[in-house]
Structures are given as structure tokens and as C-alpha cells.
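Data from query23.txt: compact mmCIF, C-alpha atoms
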# COMPACT_ATOMS: atom_id res chain seq x y z
CA MET D 545 70.30 -21.96 -23.89
CA SER D 546 70.43 -25.68 -23.31
CA THR D 547 73.57 -27.68 -23.65
CA GLY D 548 72.70 -31.24 -22.72
CA THR D 549 76.27 -31.65 -21.58
CA VAL D 550 77.45 -34.56 -19.48
CA SER D 551 79.60 -34.85 -16.41
CA PRO D 552 83.25 -35.41 -17.32
CA GLN D 553 83.68 -37.79 -14.37
CA HIS D 554 80.35 -39.60 -14.65
CA PRO D 555 79.18 -39.34 -18.26
CA ALA D 556 76.55 -42.05 -17.83
CA VAL D 557 74.86 -40.27 -14.93
CA PRO D 558 72.29 -37.62 -15.86
CA LEU D 559 73.07 -34.14 -14.62
CA ARG D 560 70.48 -32.37 -12.54
CA HIS D 561 69.10 -29.22 -14.11
CA ARG D 562 68.25 -26.01 -12.34
CA LEU D 563 65.01 -24.73 -13.84
CA ASN D 564 63.27 -21.40 -14.34
CA ILE D 565 61.00 -20.89 -11.33
CA ASP D 566 58.23 -19.67 -13.62
CA ALA D 567 58.42 -22.76 -15.83
CA MET D 568 58.53 -25.50 -13.20
CA THR D 569 55.74 -28.02 -13.05
CA SER D 570 53.56 -28.18 -9.95
CA ALA D 571 55.29 -31.38 -8.91
CA GLN D 572 58.75 -29.85 -9.30
CA LEU D 573 57.75 -26.78 -7.34
CA ASP D 574 56.09 -28.87 -4.62
CA ALA D 575 59.26 -30.94 -4.26
CA TYR D 576 61.38 -27.81 -3.90
CA ARG D 577 58.99 -26.29 -1.38
CA ALA D 578 58.96 -29.51 0.63
CA ALA D 579 62.75 -29.62 0.72
CA ILE D 580 63.00 -26.00 1.87
CA ALA D 581 60.31 -26.53 4.51
CA ALA D 582 62.08 -29.62 5.82
CA SER D 583 65.41 -27.76 5.87
CA MET D 584 63.84 -24.97 7.90
CA LYS D 585 62.95 -27.46 10.64
CA ILE D 586 66.57 -28.50 11.15
CA SER D 587 68.50 -26.48 13.69
CA ASP D 588 72.00 -27.88 13.14
CA GLU D 589 74.48 -27.19 10.36
CA ARG D 590 72.37 -29.11 7.83
CA GLY D 591 69.46 -26.74 8.28
CA TYR D 592 68.30 -23.62 6.50
CA GLY D 593 69.11 -21.25 9.35
CA HIS D 594 72.75 -22.29 9.54
CA GLN D 595 73.18 -22.32 5.79
CA ALA D 596 71.68 -18.84 5.43
CA GLY D 597 73.88 -17.55 8.23
CA ILE D 598 77.06 -18.50 6.39
CA HIS D 599 76.57 -15.50 4.11
CA GLY D 600 76.21 -12.96 6.91
CA LEU D 601 75.20 -13.00 10.53
CA PRO D 602 75.63 -14.56 12.98
CA LEU D 603 79.35 -13.89 13.06
CA PRO D 604 81.65 -14.72 11.49
CA ILE D 605 80.48 -13.18 8.24
CA SER D 606 81.91 -15.75 5.88
CA CYS D 607 81.31 -13.95 2.60
CA GLU D 608 84.20 -11.59 3.21
CA ILE D 609 85.95 -12.61 0.01
CA ALA D 610 82.69 -12.86 -1.89
CA HIS D 611 81.74 -9.27 -2.66
CA GLY D 612 83.62 -6.65 -4.61
CA ARG D 613 86.29 -9.25 -5.37
CA PRO D 614 87.04 -11.48 -8.35
CA THR D 615 85.92 -14.43 -6.22
CA PHE D 616 82.33 -13.18 -6.20
CA LEU D 617 81.12 -15.76 -8.73
CA PRO D 618 83.19 -18.78 -7.60
CA TRP D 619 82.35 -18.22 -3.92
CA HIS D 620 78.63 -18.05 -4.57
CA ARG D 621 78.76 -21.07 -6.90
CA ALA D 622 80.30 -23.06 -4.06
CA TYR D 623 77.74 -21.66 -1.62
CA LEU D 624 74.80 -22.72 -3.79
CA TYR D 625 76.38 -26.10 -4.45
CA PHE D 626 76.76 -26.99 -0.79
CA PHE D 627 73.34 -25.60 0.14
CA GLU D 628 71.74 -27.61 -2.66
CA LEU D 629 73.41 -30.74 -1.29
CA THR D 630 71.76 -30.17 2.08
CA LEU D 631 68.38 -29.98 0.33
CA ARG D 632 68.98 -33.37 -1.31
CA ALA D 633 68.44 -34.99 2.07
CA HIS D 634 64.81 -34.03 1.57
CA GLY D 635 64.45 -34.80 -2.13
CA ALA D 636 66.92 -36.78 -4.20
CA ASP D 637 66.60 -34.68 -7.34
CA VAL D 638 65.85 -31.28 -5.85
CA THR D 639 67.65 -28.42 -7.54
CA LEU D 640 67.65 -24.69 -6.93
CA PRO D 641 65.36 -22.78 -9.30
CA TRP D 642 66.44 -19.53 -10.94
CA TRP D 643 64.50 -16.29 -11.14
CA ASP D 644 64.87 -14.55 -14.47
CA TRP D 645 64.32 -10.98 -13.28
CA THR D 646 64.84 -9.72 -16.85
CA ALA D 647 61.54 -11.38 -17.82
CA ASP D 648 59.54 -11.73 -14.59
CA ARG D 649 59.84 -8.20 -13.25
CA ARG D 650 58.15 -8.72 -9.92
CA ILE D 651 58.53 -11.19 -7.09
CA PRO D 652 57.71 -14.51 -8.79
CA ASN D 653 54.37 -15.95 -7.84
CA ALA D 654 56.04 -18.97 -6.27
CA TYR D 655 57.69 -16.63 -3.74
CA ALA D 656 54.96 -14.01 -3.41
CA ARG D 657 52.12 -16.27 -2.27
CA VAL D 658 51.78 -16.23 1.51
CA ARG D 659 50.06 -19.60 1.68
CA VAL D 660 50.03 -22.59 -0.65
CA GLY D 661 47.65 -25.52 -0.33
CA GLY D 662 46.35 -24.22 2.97
CA LYS D 663 49.84 -24.08 4.49
CA LYS D 664 52.43 -21.37 4.96
CA ASN D 665 54.53 -20.97 1.83
CA PRO D 666 58.16 -21.56 2.86
CA LEU D 667 59.35 -19.56 -0.14
CA HIS D 668 57.52 -16.45 1.01
CA SER D 669 59.36 -15.87 4.26
CA ALA D 670 61.85 -17.53 6.59
CA LYS D 671 62.66 -17.26 10.25
CA VAL D 672 65.92 -15.43 10.94
CA ALA D 673 68.37 -16.98 13.40
CA ALA D 674 68.01 -15.36 16.82
CA ALA D 675 71.76 -14.83 17.16
CA ALA D 676 71.79 -13.00 13.83
CA LEU D 677 68.97 -10.70 14.94
CA ALA D 678 70.75 -9.94 18.21
CA GLN D 679 74.04 -9.14 16.51
CA GLY D 680 72.30 -7.04 13.90
CA LYS D 681 70.56 -5.05 16.62
CA ARG D 682 73.93 -4.43 18.23
CA SER D 683 75.19 -2.87 14.99
CA GLY D 684 72.06 -0.78 14.54
CA ASP D 685 70.66 -3.03 11.82
CA VAL D 686 67.36 -3.99 13.42
CA LYS D 687 65.47 -6.52 11.34
CA ALA D 688 62.12 -8.29 11.61
CA PRO D 689 62.31 -11.85 13.01
CA ASN D 690 60.89 -13.24 9.76
CA THR D 691 62.15 -12.11 6.37
CA VAL D 692 60.22 -9.36 4.60
CA ARG D 693 60.48 -7.66 1.20
CA PHE D 694 59.66 -4.20 -0.08
CA PRO D 695 60.15 -4.68 -3.81
CA GLY D 696 60.53 -1.73 -6.11
CA GLN D 697 60.29 1.01 -3.52
CA PRO D 698 60.90 4.54 -4.81
CA GLY D 699 64.63 5.15 -4.88
CA SER D 700 65.45 1.51 -5.54
CA PRO D 701 67.84 0.74 -8.37
CA PRO D 702 65.94 -0.76 -11.30
CA LEU D 703 65.88 -4.47 -11.99
CA PRO D 704 68.42 -5.35 -14.68
CA THR D 705 67.10 -5.65 -18.20
CA ALA D 706 67.74 -8.33 -20.79
CA ALA D 707 69.80 -5.79 -22.73
CA GLN D 708 72.03 -5.20 -19.70
CA VAL D 709 72.57 -8.92 -19.23
CA GLU D 710 73.34 -9.29 -22.91
CA HIS D 711 75.87 -6.48 -22.60
CA VAL D 712 77.74 -8.11 -19.72
CA LEU D 713 77.76 -11.38 -21.64
CA THR D 714 79.67 -9.63 -24.42
CA LEU D 715 82.48 -8.58 -22.09
CA GLY D 716 85.43 -10.76 -22.94
CA ASP D 717 87.55 -10.24 -19.85
CA PHE D 718 86.52 -12.18 -16.74
CA LEU D 719 87.38 -9.41 -14.30
CA ASP D 720 85.38 -6.90 -16.33
CA PHE D 721 82.48 -9.36 -16.65
CA THR D 722 82.30 -10.25 -12.97
CA ALA D 723 82.50 -6.62 -11.83
CA GLN D 724 79.65 -5.55 -14.10
CA LEU D 725 77.54 -8.62 -13.28
CA GLU D 726 78.01 -8.00 -9.58
CA GLN D 727 76.55 -4.54 -10.08
CA LEU D 728 73.42 -6.02 -11.61
CA HIS D 729 73.33 -8.47 -8.70
CA ASN D 730 73.52 -5.65 -6.17
CA ASN D 731 70.65 -3.85 -7.86
CA VAL D 732 68.39 -6.88 -7.46
CA HIS D 733 69.24 -7.22 -3.77
CA VAL D 734 68.23 -3.63 -3.04
CA TRP D 735 65.22 -3.73 -5.40
CA VAL D 736 63.82 -6.73 -3.50
CA GLY D 737 64.62 -5.57 0.01
CA GLY D 738 63.93 -1.86 -0.18
CA ASP D 739 64.65 0.16 2.92
CA ARG D 740 64.07 -2.53 5.58
CA GLY D 741 63.93 -5.88 3.85
CA HIS D 742 66.44 -8.59 4.60
CA MET D 743 67.67 -8.91 1.02
CA SER D 744 69.06 -5.37 1.08
CA ASP D 745 71.95 -6.00 3.44
CA ILE D 746 74.75 -8.56 3.41
CA PRO D 747 74.21 -9.72 7.02
CA PHE D 748 70.63 -10.95 6.44
CA ALA D 749 70.17 -11.40 2.69
CA ALA D 750 70.53 -15.18 2.51
CA PHE D 751 67.75 -15.77 5.03
CA ASP D 752 65.21 -14.66 2.40
CA PRO D 753 64.29 -17.75 0.34
CA ILE D 754 64.39 -15.69 -2.86
CA PHE D 755 68.12 -15.17 -2.31
CA TRP D 756 68.83 -18.64 -3.71
CA ALA D 757 66.77 -18.09 -6.87
CA HIS D 758 68.45 -14.75 -7.43
CA HIS D 759 71.90 -16.25 -7.07
CA ALA D 760 71.02 -19.21 -9.26
CA MET D 761 70.24 -16.63 -11.95
CA ILE D 762 73.62 -14.96 -11.39
CA ASP D 763 75.35 -18.34 -11.52
CA ARG D 764 73.43 -19.16 -14.70
CA ILE D 765 74.66 -15.96 -16.35
CA TRP D 766 78.22 -16.95 -15.47
CA ARG D 767 77.56 -20.36 -17.03
CA LEU D 768 76.25 -18.63 -20.17
CA TRP D 769 79.36 -16.45 -20.25
CA GLN D 770 81.55 -19.53 -19.97
CA LEU D 771 79.77 -21.08 -22.94
CA ARG D 772 80.14 -17.92 -24.96
CA HIS D 773 83.81 -17.38 -24.12
CA PRO D 774 85.26 -20.88 -23.91
CA GLN D 775 88.82 -19.69 -24.38
CA LYS D 776 88.65 -17.17 -21.57
CA GLY D 777 88.16 -17.52 -17.89
CA VAL D 778 89.29 -16.76 -14.39
CA PRO D 779 92.88 -15.46 -14.22
CA ALA D 780 95.37 -18.19 -13.43
CA THR D 781 96.51 -16.35 -10.31
CA LEU D 782 93.07 -16.90 -8.78
CA LEU D 783 92.51 -20.55 -9.64
CA ASP D 784 93.98 -22.00 -6.47
CA GLU D 785 92.36 -19.50 -4.10
CA ALA D 786 90.42 -21.25 -1.35
CA LEU D 787 86.78 -20.28 -1.01
CA ALA D 788 86.46 -20.37 2.76
CA PRO D 789 84.48 -21.72 4.52
CA PHE D 790 83.89 -24.17 1.71
CA GLN D 791 86.45 -26.89 1.02
CA MET D 792 86.72 -25.87 -2.58
CA THR D 793 89.05 -23.75 -4.69
CA VAL D 794 88.15 -21.38 -7.50
CA ARG D 795 89.38 -23.98 -9.99
CA GLN D 796 86.95 -26.55 -8.62
CA THR D 797 83.98 -24.29 -9.30
CA LEU D 798 84.67 -23.72 -12.98
CA ASP D 799 82.94 -26.78 -14.43
CA VAL D 800 79.28 -27.02 -13.44
CA ALA D 801 79.03 -30.45 -15.05
CA ALA D 802 81.70 -31.68 -12.66
CA LEU D 803 79.50 -30.40 -9.86
CA GLY D 804 76.59 -32.38 -11.27
CA TYR D 805 74.30 -29.68 -12.57
CA ASP D 806 73.50 -27.40 -15.45
CA TYR D 807 70.79 -24.92 -16.35
CA ALA D 808 67.66 -25.39 -18.43
CA VAL D 809 64.36 -23.61 -18.71
CA ARG D 810 62.19 -26.72 -18.39
CA ALA D 811 62.85 -30.40 -17.89
CA ALA D 812 60.77 -33.56 -18.12
CA HIS D 813 62.28 -36.92 -17.24
CA THR D 814 60.92 -40.38 -17.87
CA ASN D 815 62.30 -43.67 -16.61
CA VAL D 816 61.73 -46.73 -18.76
CA THR D 817 60.42 -49.47 -16.51
CA ASN D 818 59.78 -52.30 -19.01
CA HIS D 819 62.64 -53.44 -21.23
CA MET W 1456 78.51 12.53 2.22
CA GLN W 1457 75.14 12.46 0.50
CA ARG W 1458 76.40 13.74 -2.83
CA TYR W 1459 79.70 14.57 -4.45
CA VAL W 1460 80.42 17.20 -7.07
CA SER W 1461 83.85 17.17 -8.67
CA ASP W 1462 85.86 20.10 -9.76
CA PRO W 1463 85.86 20.44 -13.55
CA ILE W 1464 88.13 17.86 -15.13
CA GLU W 1465 89.43 17.73 -18.66
CA ASN W 1466 87.19 15.79 -21.00
CA PRO W 1467 89.60 13.22 -22.43
CA ALA W 1468 87.31 12.64 -25.38
CA ALA W 1469 86.90 16.25 -26.49
CA GLY W 1470 88.55 16.83 -29.84
CA GLN W 1471 90.00 13.33 -29.87
CA PRO W 1472 89.36 10.38 -32.19
CA PRO W 1473 86.26 8.32 -31.38
CA PHE W 1474 86.49 5.89 -28.48
CA THR W 1475 84.85 2.50 -28.13
CA ARG W 1476 84.32 2.58 -24.38
CA ALA W 1477 84.60 4.98 -21.47
CA ASP W 1478 84.79 4.01 -17.79
CA LEU W 1479 84.48 6.02 -14.63
CA VAL W 1480 86.42 4.06 -12.04
CA PHE W 1481 85.79 4.88 -8.39
CA TYR W 1482 88.51 3.87 -5.94
CA GLY W 1483 88.28 3.28 -2.21
CA VAL W 1484 84.52 2.88 -2.08
CA ASP W 1485 83.28 2.28 1.46
CA HIS W 1486 80.74 -0.51 1.88
CA SER W 1487 80.55 -0.82 5.64
CA GLY W 1488 77.22 0.96 6.01
CA PRO W 1489 73.75 0.41 4.57
CA SER W 1490 73.12 -0.38 0.92
CA PHE W 1491 72.58 2.44 -1.54
CA GLU W 1492 72.70 3.34 -5.20
CA ALA W 1493 75.25 5.91 -6.34
CA ARG W 1494 73.91 7.67 -9.43
CA VAL W 1495 76.46 9.37 -11.64
CA TYR W 1496 75.73 12.46 -13.75
CA LEU W 1497 77.93 14.38 -16.15
CA ASN W 1498 77.77 18.17 -16.18
CA LEU W 1499 74.77 18.38 -13.88
CA PRO W 1500 76.17 19.72 -10.62
CA ASP W 1501 72.71 20.32 -9.19
CA ALA W 1502 71.66 16.67 -9.50
CA ASP W 1503 70.06 15.30 -6.36
CA ILE W 1504 67.85 12.41 -5.26
CA SER W 1505 64.97 13.75 -7.33
CA THR W 1506 67.05 13.49 -10.52
CA GLY W 1507 66.21 10.15 -12.06
CA HIS W 1508 67.78 7.59 -14.34
CA ASP W 1509 66.08 9.15 -17.36
CA ASP W 1510 67.79 12.54 -17.10
CA PRO W 1511 69.95 13.19 -20.20
CA ALA W 1512 72.93 13.83 -17.91
CA TYR W 1513 72.60 10.44 -16.20
CA ALA W 1514 75.68 8.39 -17.01
CA GLY W 1515 75.19 5.22 -14.97
CA SER W 1516 75.31 4.02 -11.39
CA PHE W 1517 76.83 1.57 -9.00
CA THR W 1518 75.04 -0.02 -6.09
CA VAL W 1519 76.76 -0.74 -2.80
CA PHE W 1520 75.52 -3.96 -1.16
CA GLY W 1521 76.34 -2.92 2.34
CA HIS W 1522 77.39 -4.52 5.59
CA ALA W 1523 74.97 -2.27 7.53
CA GLY W 1524 77.23 -1.56 10.47
CA CYS W 1525 79.57 -3.52 12.68
CA ALA W 1526 78.21 -6.44 14.68
CA GLY W 1527 81.51 -7.34 16.31
CA ASP W 1528 83.44 -6.05 19.27
CA GLU W 1529 85.65 -3.00 19.25
CA GLY W 1530 88.15 -3.23 16.41
CA HIS W 1531 86.30 -5.97 14.54
CA CYS W 1532 85.54 -3.76 11.57
CA GLU W 1533 88.78 -1.80 11.48
CA VAL W 1534 90.64 -2.53 8.26
CA PRO W 1535 94.30 -3.20 9.08
CA PRO W 1536 96.78 -0.90 7.35
CA GLU W 1537 98.66 -2.07 4.29
CA PRO W 1538 101.19 -3.44 3.69
CA ARG W 1539 100.63 -6.28 6.08
CA ASP W 1540 103.15 -8.69 7.49
CA PRO W 1541 104.54 -10.66 4.52
CA PHE W 1542 103.77 -13.93 6.33
CA ASP W 1543 100.13 -12.98 6.91
CA ARG W 1544 98.31 -15.29 4.49
CA ARG W 1545 94.82 -14.29 5.53
CA PRO W 1546 92.61 -12.78 2.84
CA PRO W 1547 92.09 -9.03 2.91
CA HIS W 1548 89.78 -7.70 5.61
CA GLY W 1549 86.17 -7.96 4.56
CA LEU W 1550 85.65 -4.22 4.75
CA THR W 1551 88.63 -3.30 2.61
CA PRO W 1552 87.35 -0.51 0.36
CA GLN W 1553 86.28 -1.57 -3.10
CA THR W 1554 86.71 -0.38 -6.67
CA ARG W 1555 83.62 0.22 -8.79
CA THR W 1556 83.59 0.74 -12.54
CA VAL W 1557 80.70 2.53 -14.22
CA ILE W 1558 80.64 2.24 -17.99
CA VAL W 1559 79.78 5.74 -19.26
CA THR W 1560 80.39 5.31 -22.97
CA ASP W 1561 77.03 6.59 -24.18
CA ALA W 1562 76.89 9.48 -21.72
CA LEU W 1563 80.38 10.68 -22.61
CA ARG W 1564 79.56 10.55 -26.31
CA ARG W 1565 76.66 12.90 -25.65
CA THR W 1566 79.01 15.41 -24.06
CA SER W 1567 81.20 17.58 -26.23
CA SER W 1568 82.25 20.19 -23.67
CA PRO W 1569 85.98 20.45 -22.97
CA ASP W 1570 85.41 20.13 -19.23
CA LEU W 1571 83.39 17.66 -17.23
CA VAL W 1572 81.81 17.89 -13.81
CA VAL W 1573 81.05 14.52 -12.26
CA THR W 1574 78.21 14.44 -9.74
CA VAL W 1575 77.53 11.35 -7.64
CA VAL W 1576 74.27 11.16 -5.68
CA ALA W 1577 73.67 8.52 -3.01
CA VAL W 1578 70.09 7.28 -2.99
CA ARG W 1579 68.39 4.88 -0.62
CA PRO W 1580 64.92 3.48 -1.19
CA GLY W 1581 62.05 4.57 1.00
CA ALA W 1582 58.35 3.87 1.28
CA ASP W 1583 57.53 7.51 0.62
CA GLY W 1584 60.19 8.24 -1.97
CA PRO W 1585 63.95 8.24 -2.52
CA VAL W 1586 65.94 9.01 0.61
CA ALA W 1587 69.17 10.97 0.83
CA ALA W 1588 71.74 9.41 3.14
CA ASP W 1589 75.24 10.16 4.31
CA VAL W 1590 76.65 6.90 3.02
CA LEU W 1591 78.84 7.88 0.08
CA HIS W 1592 82.56 7.68 0.73
CA PHE W 1593 85.31 7.06 -1.81
CA ASP W 1594 88.92 8.12 -2.29
CA GLY W 1595 88.86 9.27 -5.89
CA PHE W 1596 87.92 8.45 -9.43
CA ARG W 1597 89.48 8.15 -12.85
CA LEU W 1598 87.90 8.66 -16.26
CA LEU W 1599 89.29 6.31 -18.88
CA THR W 1600 88.58 6.03 -22.58
CA PHE W 1601 89.51 3.12 -24.82
CA SER W 1602 89.84 2.81 -28.55

As a first step, turn the structure in this file into C-alpha cells.
Amino acid sequence: MSTGTVSPQHPAVPLRHRLNIDAMTSAQLDAYRAAIAASMKISDERGYGHQAGIHGLPLPISCEIAHGRPTFLPWHRAYLYFFELTLRAHGADVTLPWWDWTADRRIPNAYARVRVGGKKNPLHSAKVAAAALAQGKRSGDVKAPNTVRFPGQPGSPPLPTAAQVEHVLTLGDFLDFTAQLEQLHNNVHVWVGGDRGHMSDIPFAAFDPIFWAHHAMIDRIWRLWQLRHPQKGVPATLLDEALAPFQMTVRQTLDVAALGYDYAVRAAHTNVTNH
Amino acid sequence: MQRYVSDPIENPAAGQPPFTRADLVFYGVDHSGPSFEARVYLNLPDADISTGHDDPAYAGSFTVFGHAGCAGDEGHCEVPPEPRDPFDRRPPHGLTPQTRTVIVTDALRRTSSPDLVVTVVAVRPGADGPVAADVLHFDGFRLLTFS
């Protein structure tokens, strides 16, 4: 679904569009890879390691209101928004891609390739913060120093199907919708990570670069639900909840156009240089 | 526990007008340990990790995205008792047990028996096959039907 909507605050400024990872052009994918690779070289709060650690380890685990709660979708929308902003330092129009696991029922090629262009593919694996590894070891959750995946191991929950996504999109109550969508989300985490992969557990999941594409898909489904149920939404009692550690409330996450983005499958942009 | 088998409960749909939706709601689900899938079966008390999603008694599942243990100091992962101090504005503890709803409409429609036995099997993935694990903990469940 494409909407071509505009920002309510800046209607003359084009929104950025998050694209299907399997439909991105080589140039778009290269730009995203370059931004992720550059982010991974930064050790302060602007860098990949810090951003990934917000979700889980190292302590504090900041996603405490983000799972099994009605703030699951708003919290992760804020998380993706602020992470995407850090990537913009390395590419002005970089956006997070989304992985449609209802159609591409394996690790997408962009994430599965170990090397690209003779160099390490930053979407294949990421270094885990040393403090996170040490704290995980202390809790008995010993993880490899670089993220790994064991997709589709026996005993994994199945990847969600298009029919399941369509079903959750029909649910007219937000609390019902978010609870059922979170279940599909959980299935993907465990399907990707298997018994020892980083995606399987909350403390390490966000270190895996595929985390962001998975959550962009979840955020996209919420966007689709919002389009389908324009008269319904988050209960009023939740709207002014703060989404710590982000300086944003639930209400401020509701309008993706106000956050400067939307979802599309593909995008091509041309600037007119001669008037 | 690795699996849970309920005592027989009354089938709220037996002999009643058709329903549009049925939910099994699990309360007090623990999520402090490793991740796992909890597969739910109706009237199959012998279900175990070898019983798949394609068994006719399979009703649905929920997956726990787990915290995989406690990385903090002593007391860090202890959920404070409720009710809390009325002036305590902090959000609930991160390990507060959760509620999970499994939509079992189709499975319940396939069952006409007056009693139901609900079996929940915890399954973890493994390189050599599904793994049973002592990770399933919840306080109770409720079967609801809606017209």
C-alpha cells in the first residue's frame, strides 16, 4: 500500500520512505550498508553499539515497558526513529529497510551474504558490546562476540504468514491488535535466532542488524492498521505515557508523517536541475 | 514446568449458539528465562514436543521473547509486590508477569465434547530437533467465547 501522504508540519518537504529490502536498488542498499558500517565504527552514544544496547544489555535494559505491554508498538517506533536519525549522519536520505517475512521466507540475501564487494557485509553480523557480553555471561546467557543466526531450527515457531498478518489487520481494537501482532513478532525473533542466536533473547536481539528490518516490518504493519482503522487507535489513557529513554510520548509516535517517514515498496527520486 | 495438562473444564461452546471468536487467555506468564514457544492443544493430554503444529488438536501458540536470566545484582529481577506505594510513579517492573491471548476459534469449533483438556507444551529450538525445557510458568487461564 502506498499513500503518498505529506507531513502535516512540512507539507512541501518530501517524506523519506522505508523500502522493502528485497526491492531496493543497488545504490539504495549500498547507502544503507555504508551508513550501518560507519555507525559501527562509532563508540559513543551515536554509534551502533550504544543504540543496540538500549534494547537490552548492557544494563539498564531500557525496553522494560516495550514487551507484553500496550506500549510495544509506540516504544519500538520511537526506537527506530531515533536510531534512523543517527544513521542520517552517514547518509542524508538513509532509511531503515523492512523485511517482509511473509514473502521472503528466509534471511534476505542482503543480510545473509557474508561479504559484499570484497568487504565484510555489515548487515550479516555485528560486534556485541563487551559490557553486554560480560553481563550476559553473569546471568548464564553466554553469547558469541559477534552476532549469529540459526534460522528455522527444528522447534522454532514458524514465520508468520500473509494470512496471519491479514488477520491481525482485521482486528479493530488496538489492544487486541498489538497483542496478536507482538506474538507474530516474537515468532520471528526466535525463528531467526534459534537456540543460541542473538535475536532470540531480549538482552542481545538489537545487536543483530536484521533486528531493524524486522521491526520496520512490524512498524509498517501498525501503519497499515492505522490506515485501515482511521477512527480507532491507542486508548486515550495511554497517549501521554512517556516512552523512556526516548523523549517522546505515545501520542507523538502516532503520526509517521509527522516523524518524516512512511512506507513504500520501491522508490525512485529525481531532482530537476534545469528550470 | 515443561508441559501443563489441565483438569477437564466445561466446554463453554458445547450445546450453545455459534460463537464468532474464542480466546484462551493465559495470566501471569513468566518471561524472565529463555525464549520458547508454548503450543496449545485441546483434548490431547499426551501432546509433547514431538506433536507439531499440524496435529488436529493443535489450537494455537504463544511465544515468550525472554529475558534469559538476570544480569543485575541480587534483587534486580525481583518483581515488587502489588499494590505499590501510591506515589510511586515508576512503570511496572520489567519482569512483571504478562498476559497472553491465543485465539482458538477454529480449534474450539472442531471440538464438540462437553469437556475440554488444555495441554500446553513448551518447546525450544535446537540444532538436532525440538528441545523440552522447564520454562513454562503461568498462574492460570480462562477460555472465553464471543458472539

Could you list the residues in chain D lying within 7 Å of chain W, using only C-alpha atoms, and format the result as a PyMOL selection string? chain D and resi 608-609+612+679-680+682-685+697-701+727+730-731+738-739+744-747

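Our summary of the geometry notes that CA of Ala760 in chain D is positioned 6.7 Å from CA of Pro641 in chain D.
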
From the options W:Pro1467, W:Gly1530, W:Gly1515, W:Pro1472, which residue's atoms come nearest to Thr1574 in chain W, counting all atoms listed in the file? W:Gly1515

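Proximity ranking of W:Ile1464, W:Arg1539, W:Ala1514, W:Gln1457 relative to Leu1563 in chain W places W:Ala1514 first, based on all atoms listed in the file.
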
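For range 1498-1500 of chain W, the list of residues within 8 Å, based on all atoms listed in the file and with local chain neighbours fewer than 3 positions off taken out, reads W:Val1460, W:Ala1512, W:Leu1571, W:Val1572, W:Val1573, W:Thr1574.
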
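Taking CA of Pro1541 in chain W and CA of Trp619 in chain D as endpoints, the distance between them is 24.9 Å.
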
Contact residues around range 574-583 of chain D with all atoms listed in the file at 7 Å, ignoring same-chain residues under 3 positions, as a PyMOL selection string: chain D and resi 570-571+586+591-592+631+634-635+638+666-667

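The space separating CA of Thr1600 in chain W from CA of Leu617 in chain D comes to 26.9 Å.
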
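Residue nearest Ala1502 in chain W, chosen from W:Glu1537, W:Met1456, W:Val1575, W:Gly1483 and counting all atoms listed in the file: W:Val1575.
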
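In this comparison, which uses all atoms listed in the file, the residue of D:His711, D:Phe626, D:Arg657, D:Leu725 approaching His611 in chain D most closely is D:Leu725.
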
Could N, CA and C atoms be built for range 646-661 of chain D and written out as a CSV table (one decimal), in the coordinates of the input?
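Resulting contents of part34.csv:
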chain,number,residue,atom,x,y,z
D,646,THR,N,64.9,-10.5,-15.6
D,646,THR,CA,64.8,-9.7,-16.8
D,646,THR,C,63.5,-9.9,-17.5
D,647,ALA,N,62.8,-11.1,-17.2
D,647,ALA,CA,61.5,-11.4,-17.8
D,647,ALA,C,60.4,-11.3,-16.8
D,648,ASP,N,60.6,-11.8,-15.6
D,648,ASP,CA,59.5,-11.7,-14.6
D,648,ASP,C,59.9,-10.6,-13.6
D,649,ARG,N,59.4,-9.4,-13.9
D,649,ARG,CA,59.8,-8.2,-13.2
D,649,ARG,C,59.0,-7.8,-12.0
D,650,ARG,N,58.8,-8.8,-11.2
D,650,ARG,CA,58.2,-8.7,-9.9
D,650,ARG,C,58.6,-9.9,-9.1
D,651,ILE,N,58.2,-10.0,-7.8
D,651,ILE,CA,58.5,-11.2,-7.1
D,651,ILE,C,57.8,-12.3,-7.7
D,652,PRO,N,58.4,-13.4,-8.1
D,652,PRO,CA,57.7,-14.5,-8.8
D,652,PRO,C,56.6,-15.0,-7.9
D,653,ASN,N,55.5,-15.5,-8.6
D,653,ASN,CA,54.4,-16.0,-7.8
D,653,ASN,C,54.7,-17.0,-6.8
D,654,ALA,N,55.7,-17.9,-7.2
D,654,ALA,CA,56.0,-19.0,-6.3
D,654,ALA,C,56.6,-18.4,-4.9
D,655,TYR,N,57.1,-17.2,-5.0
D,655,TYR,CA,57.7,-16.6,-3.7
D,655,TYR,C,56.8,-15.6,-3.1
D,656,ALA,N,55.8,-15.1,-3.9
D,656,ALA,CA,55.0,-14.0,-3.4
D,656,ALA,C,53.8,-14.5,-2.6
D,657,ARG,N,53.3,-15.7,-2.9
D,657,ARG,CA,52.1,-16.3,-2.3
D,657,ARG,C,52.4,-16.6,-0.8
D,658,VAL,N,51.6,-16.1,0.1
D,658,VAL,CA,51.8,-16.2,1.5
D,658,VAL,C,51.5,-17.7,1.9
D,659,ARG,N,50.4,-18.2,1.3
D,659,ARG,CA,50.1,-19.6,1.7
D,659,ARG,C,49.9,-20.4,0.4
D,660,VAL,N,50.2,-21.7,0.5
D,660,VAL,CA,50.0,-22.6,-0.6
D,660,VAL,C,49.4,-23.9,-0.1
D,661,GLY,N,48.3,-24.3,-0.7
D,661,GLY,CA,47.6,-25.5,-0.3
D,661,GLY,C,47.2,-25.5,1.1
